[in-house]
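Taking it in order: structure first as structure tokens, then the write-up.
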Amino acid sequence: MKNILFSRFFTGFAVLSLAGCAVGPNYKAPLDPAPTQFLSTAAGASPTATDETSLQAWWARFHDEQLNGLVGLAMTNNLDVKSAIASIKAARAEHRVSHFDYAPIVTANGGYNRVRETQSSVLPGADRNVDAFDASFDATWELDIFGRVRRNNEATQADLESVEAVRDDLLVSVTAETARAYFELRGLLNELNVAERNAENQAATLDLTIKLLEGGRGTDLDVARARAQLDTTRAGIPQLKGSISKAQHRLAVLTGRGFDSLPGVGTYHPLASELPTVSLGDPAALLRRRPDIRAAERRLAAATARIGVATADLFPRITAGGSIGLGASTLGGLGRGGADHFSLGPNINWAFLDSPRRYQLVKAAGARAESQIQTYRQTVLLAIEDTENALTEYGREQERRDFLADAVKASDKAAALARQRFDQGTANFLEVLDAERVKLQAEASLAASQTQTATDLISVFKALGGGWKP
């Protein structure tokens, strides 16, 4: 009968707790201050709906197996990503802890005491030594009438989701930085190849000027100019090789591998002439997709829920408590009749005299939520700015690359004509050297622009929130 009363008592408290209201504001996601369309455009970028699946693994659209392998390593081994995953585990455990607040806290107790009473406190002739054995279960349960537990659970859930979004945003950054470092390395190898080919050509030109000088057709000035041009080209090669080494080191860090465990990454092969196209979609879709925006929105939700937690502390906190157990003066007596005991009843704790301080805590929680609103709006604006800038830079660099490609063709033709005119005796050797210098500059600039175009496209994919899978 006592067990039934004990069970009914806690059942009644559970019903009252669930029927209670939750104080504080109910969270509503803020309206996204997003434009209806992007202002910037670029060749190969269309405003049609974004293919979410291809955007998640955008690097695969470059059809480069080496790039695919490096990104896979980065997503698996990058130490920042591993740290973010550990943070998710911690946030998930904290949320589970707050979820347990819905249930009673039950503890088991058992003990033995031997007490020696004073002579004056016992009857004449009675034994002053008393043994006491006890075994019991105690339970306490907060009656969540004002929603403190519910609001705290909402806050920890939002905290968990924000940490997960931070991990997703980190994946976006890591995949983009890995691809950027890879294409920068490819570009540097391309520039090195251009420099080495030009150095070979200029070395042949120097040999020719020396032979012409020996044959009485050339001059010491021609030889000096040809040698200076060759040495200038060769002087840039060590710098390019140093930059290549640094790019390889960067890839090693991003992929979480040792500096000597990326075989084949430093091998030259030309950059693809065709880059993948990208569908932009609308800005509203961008805001739903970018993890940094989702993280900011979840932090706002957590801050809003904590207003309710602070507000609930203004009201009485009611807990149900109970204990059931056995007590006797001997161990064997615990199993005899009359050894059972129980207690139950509510406990009310209301720090109403501390209300002024708690009102200030509510105001502080409200101010933190207001700060998160502004942070969220700023994050949205920065995301739109990031996308617009990436599209602008990508579009302008495409134009620059195309002009440089034309310049390479024209300078190559000019160099050939200058050499032909010199062979025919209608031009001096200075025109040949100048034409070859212009050709070298155009080829180097085109190689750098091809790299920049690829990395600018990567910035577009990153700005669109690609690189993580829901």
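We label chains A, B, ... in the order they appear in the structure tokens, count residues from 1 in each chain, and number ligands from 1 in the order shown.
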
ask   = Leaving out A:Leu79 and any residue of its chain fewer than 3 positions from it, which residues lie within 10 Å of it when counting only C-alpha atoms, given as a list of chain:residue names?
value =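 Close residues of A:Leu79: A:Ala74, A:Met75, A:Thr76, A:Lys82, A:Ser83, A:Ala84, A:Ile85, A:Val253, A:Leu254, A:Thr255, A:Gly256, A:Arg257.
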
query = Contacts of stretch 323-327 of chain A at 6 Å or less, counting only C-alpha atoms, minus same-chain residues fewer than 2 places along, as a PyMOL selection string?
reply = chain A and resi 133-138+334+339-343

request  = Counting only C-alpha atoms, figure out which residue out of A:Gln398, A:Gln372, A:Gln229, A:Thr392 gets nearest to A:Leu433.
outcome  =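 For A:Leu433, the nearest of the given residues is A:Gln229.
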
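Coordinates place atom CA of A:Asn68 at a distance of 15.3 Å from atom CA of A:Ala454.
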
key: All residues 10 Å or closer to A:Ala29, only C-alpha atoms, same chain fewer than 6 positions away omitted, as a list in words   = Glu297, Arg298, Leu300, Ala301 and Ile373 of chain A

Please dump the current selection as a CSV table (one decimal), in the first residue's frame; keep N, CA and C atoms.
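What ended up in result_17.csv:
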```csv
chain,number,residue,atom,x,y,z
A,297,GLU,N,22.4,31.2,-36.0
A,297,GLU,CA,21.0,31.1,-35.7
A,297,GLU,C,20.8,30.2,-34.5
A,298,ARG,N,21.5,29.1,-34.4
A,298,ARG,CA,21.4,28.2,-33.2
A,298,ARG,C,21.9,28.8,-31.9
A,300,LEU,N,21.6,31.9,-31.3
A,300,LEU,CA,20.5,32.8,-30.9
A,300,LEU,C,19.4,32.0,-30.2
A,301,ALA,N,19.1,30.9,-30.7
A,301,ALA,CA,18.1,30.0,-30.1
A,301,ALA,C,18.5,29.6,-28.7
A,373,ILE,N,21.2,38.3,-31.9
A,373,ILE,CA,20.4,38.7,-33.0
A,373,ILE,C,21.3,39.5,-34.0
```

request  = Extract, using only C-alpha atoms, all DNA, RNA and protein residues at most 12 Å from A:Asp434, discarding same-chain residues fewer than 4 positions from it, and format them as JSON, numbers by chain.
outcome  = {"A": [202, 222, 225, 226, 229, 411, 412, 414, 415, 416, 418, 419, 427, 428, 429, 430, 438, 439, 440, 441]}

Dump of N, CA and C atoms for the selected residues, as a PDB file, in the first residue's frame:
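For reference, out_3.pdb as written:
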```
ATOM      1  N   GLN A 202      66.397  30.799 -73.721  1.00  0.00           N
ATOM      2  CA  GLN A 202      67.296  31.941 -73.582  1.00  0.00           C
ATOM      3  C   GLN A 202      68.758  31.487 -73.538  1.00  0.00           C
ATOM      4  N   ASP A 222      75.204  42.644 -77.409  1.00  0.00           N
ATOM      5  CA  ASP A 222      74.175  41.624 -77.599  1.00  0.00           C
ATOM      6  C   ASP A 222      74.383  40.446 -76.653  1.00  0.00           C
ATOM      7  N   ARG A 225      73.420  41.501 -73.067  1.00  0.00           N
ATOM      8  CA  ARG A 225      71.964  41.583 -72.893  1.00  0.00           C
ATOM      9  C   ARG A 225      71.337  40.181 -72.832  1.00  0.00           C
ATOM     10  N   ALA A 226      71.777  39.271 -73.696  1.00  0.00           N
ATOM     11  CA  ALA A 226      71.240  37.905 -73.684  1.00  0.00           C
ATOM     12  C   ALA A 226      71.572  37.205 -72.377  1.00  0.00           C
ATOM     13  N   GLN A 229      69.363  38.621 -69.546  1.00  0.00           N
ATOM     14  CA  GLN A 229      67.987  38.122 -69.616  1.00  0.00           C
ATOM     15  C   GLN A 229      67.900  36.686 -69.116  1.00  0.00           C
ATOM     16  N   SER A 411      52.318  37.737 -78.407  1.00  0.00           N
ATOM     17  CA  SER A 411      53.742  37.871 -78.088  1.00  0.00           C
ATOM     18  C   SER A 411      54.558  36.742 -78.701  1.00  0.00           C
ATOM     19  N   ASP A 412      53.960  35.556 -78.772  1.00  0.00           N
ATOM     20  CA  ASP A 412      54.654  34.441 -79.412  1.00  0.00           C
ATOM     21  C   ASP A 412      54.882  34.734 -80.900  1.00  0.00           C
ATOM     22  N   ALA A 414      54.983  37.786 -82.180  1.00  0.00           N
ATOM     23  CA  ALA A 414      55.934  38.901 -82.261  1.00  0.00           C
ATOM     24  C   ALA A 414      57.367  38.415 -82.095  1.00  0.00           C
ATOM     25  N   ALA A 415      57.575  37.456 -81.176  1.00  0.00           N
ATOM     26  CA  ALA A 415      58.926  36.936 -80.965  1.00  0.00           C
ATOM     27  C   ALA A 415      59.416  36.205 -82.209  1.00  0.00           C
ATOM     28  N   ALA A 416      58.513  35.449 -82.814  1.00  0.00           N
ATOM     29  CA  ALA A 416      58.900  34.731 -84.040  1.00  0.00           C
ATOM     30  C   ALA A 416      59.243  35.705 -85.163  1.00  0.00           C
ATOM     31  N   ALA A 418      60.267  38.840 -84.815  1.00  0.00           N
ATOM     32  CA  ALA A 418      61.508  39.547 -84.475  1.00  0.00           C
ATOM     33  C   ALA A 418      62.719  38.684 -84.809  1.00  0.00           C
ATOM     34  N   ARG A 419      62.628  37.381 -84.494  1.00  0.00           N
ATOM     35  CA  ARG A 419      63.738  36.489 -84.813  1.00  0.00           C
ATOM     36  C   ARG A 419      63.916  36.366 -86.338  1.00  0.00           C
ATOM     37  N   ALA A 427      66.607  43.768 -88.612  1.00  0.00           N
ATOM     38  CA  ALA A 427      66.371  44.227 -87.237  1.00  0.00           C
ATOM     39  C   ALA A 427      67.577  43.865 -86.400  1.00  0.00           C
ATOM     40  N   ASN A 428      67.809  44.658 -85.336  1.00  0.00           N
ATOM     41  CA  ASN A 428      68.928  44.338 -84.453  1.00  0.00           C
ATOM     42  C   ASN A 428      68.497  43.321 -83.384  1.00  0.00           C
ATOM     43  N   PHE A 429      69.496  42.812 -82.677  1.00  0.00           N
ATOM     44  CA  PHE A 429      69.208  41.746 -81.713  1.00  0.00           C
ATOM     45  C   PHE A 429      68.423  42.242 -80.497  1.00  0.00           C
ATOM     46  N   LEU A 430      68.473  43.549 -80.239  1.00  0.00           N
ATOM     47  CA  LEU A 430      67.720  44.103 -79.118  1.00  0.00           C
ATOM     48  C   LEU A 430      66.225  43.850 -79.291  1.00  0.00           C
ATOM     49  N   VAL A 438      58.925  40.086 -73.484  1.00  0.00           N
ATOM     50  CA  VAL A 438      57.477  40.295 -73.420  1.00  0.00           C
ATOM     51  C   VAL A 438      56.738  38.956 -73.450  1.00  0.00           C
ATOM     52  N   LYS A 439      57.231  38.043 -74.286  1.00  0.00           N
ATOM     53  CA  LYS A 439      56.609  36.719 -74.354  1.00  0.00           C
ATOM     54  C   LYS A 439      56.697  36.005 -73.008  1.00  0.00           C
ATOM     55  N   LEU A 440      57.870  36.055 -72.367  1.00  0.00           N
ATOM     56  CA  LEU A 440      58.047  35.431 -71.062  1.00  0.00           C
ATOM     57  C   LEU A 440      57.093  36.025 -70.029  1.00  0.00           C
ATOM     58  N   GLN A 441      56.995  37.341 -70.000  1.00  0.00           N
ATOM     59  CA  GLN A 441      56.093  37.992 -69.047  1.00  0.00           C
ATOM     60  C   GLN A 441      54.646  37.580 -69.285  1.00  0.00           C
TER      61      GLN A 441
END
```

query = Which one of A:Gly366, A:Gly218, A:Gly110, A:Gly345 sits closest to A:Ala320 if you count only C-alpha atoms?
reply =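 Among the listed residues, the smallest separation from A:Ala320 belongs to A:Gly345.
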
request  = Check the smallest atom-to-atom distance from each of A:Glu161, A:Asp282, A:Glu184, A:Asp131 to A:Ile458 using only C-alpha atoms, then report the winner.
outcome  =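 Looking only at the distances to A:Ile458, the closest residue turns out to be A:Glu184.
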
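Nearest to A:Ile348 of all the residues A:Ala57, A:Val380, A:Val106, A:Leu143 is A:Leu143, based on only C-alpha atoms.
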
message = So, with only C-alpha atoms as the atoms that count, which of A:Ala435, A:Phe100, A:Arg180, A:Gln450 lies closest to A:Phe422?
response =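 Result for the nearest residue to A:Phe422: A:Ala435.
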
inquiry  = Could you list, as a list in words, every residue within 8 Å of A:Gly187, counting only C-alpha atoms and ignoring same-chain residues fewer than 4 positions away?
reply    = Phe183, Glu191, Leu271, Ala447, Ala448, Gln450 and Thr451 of chain A
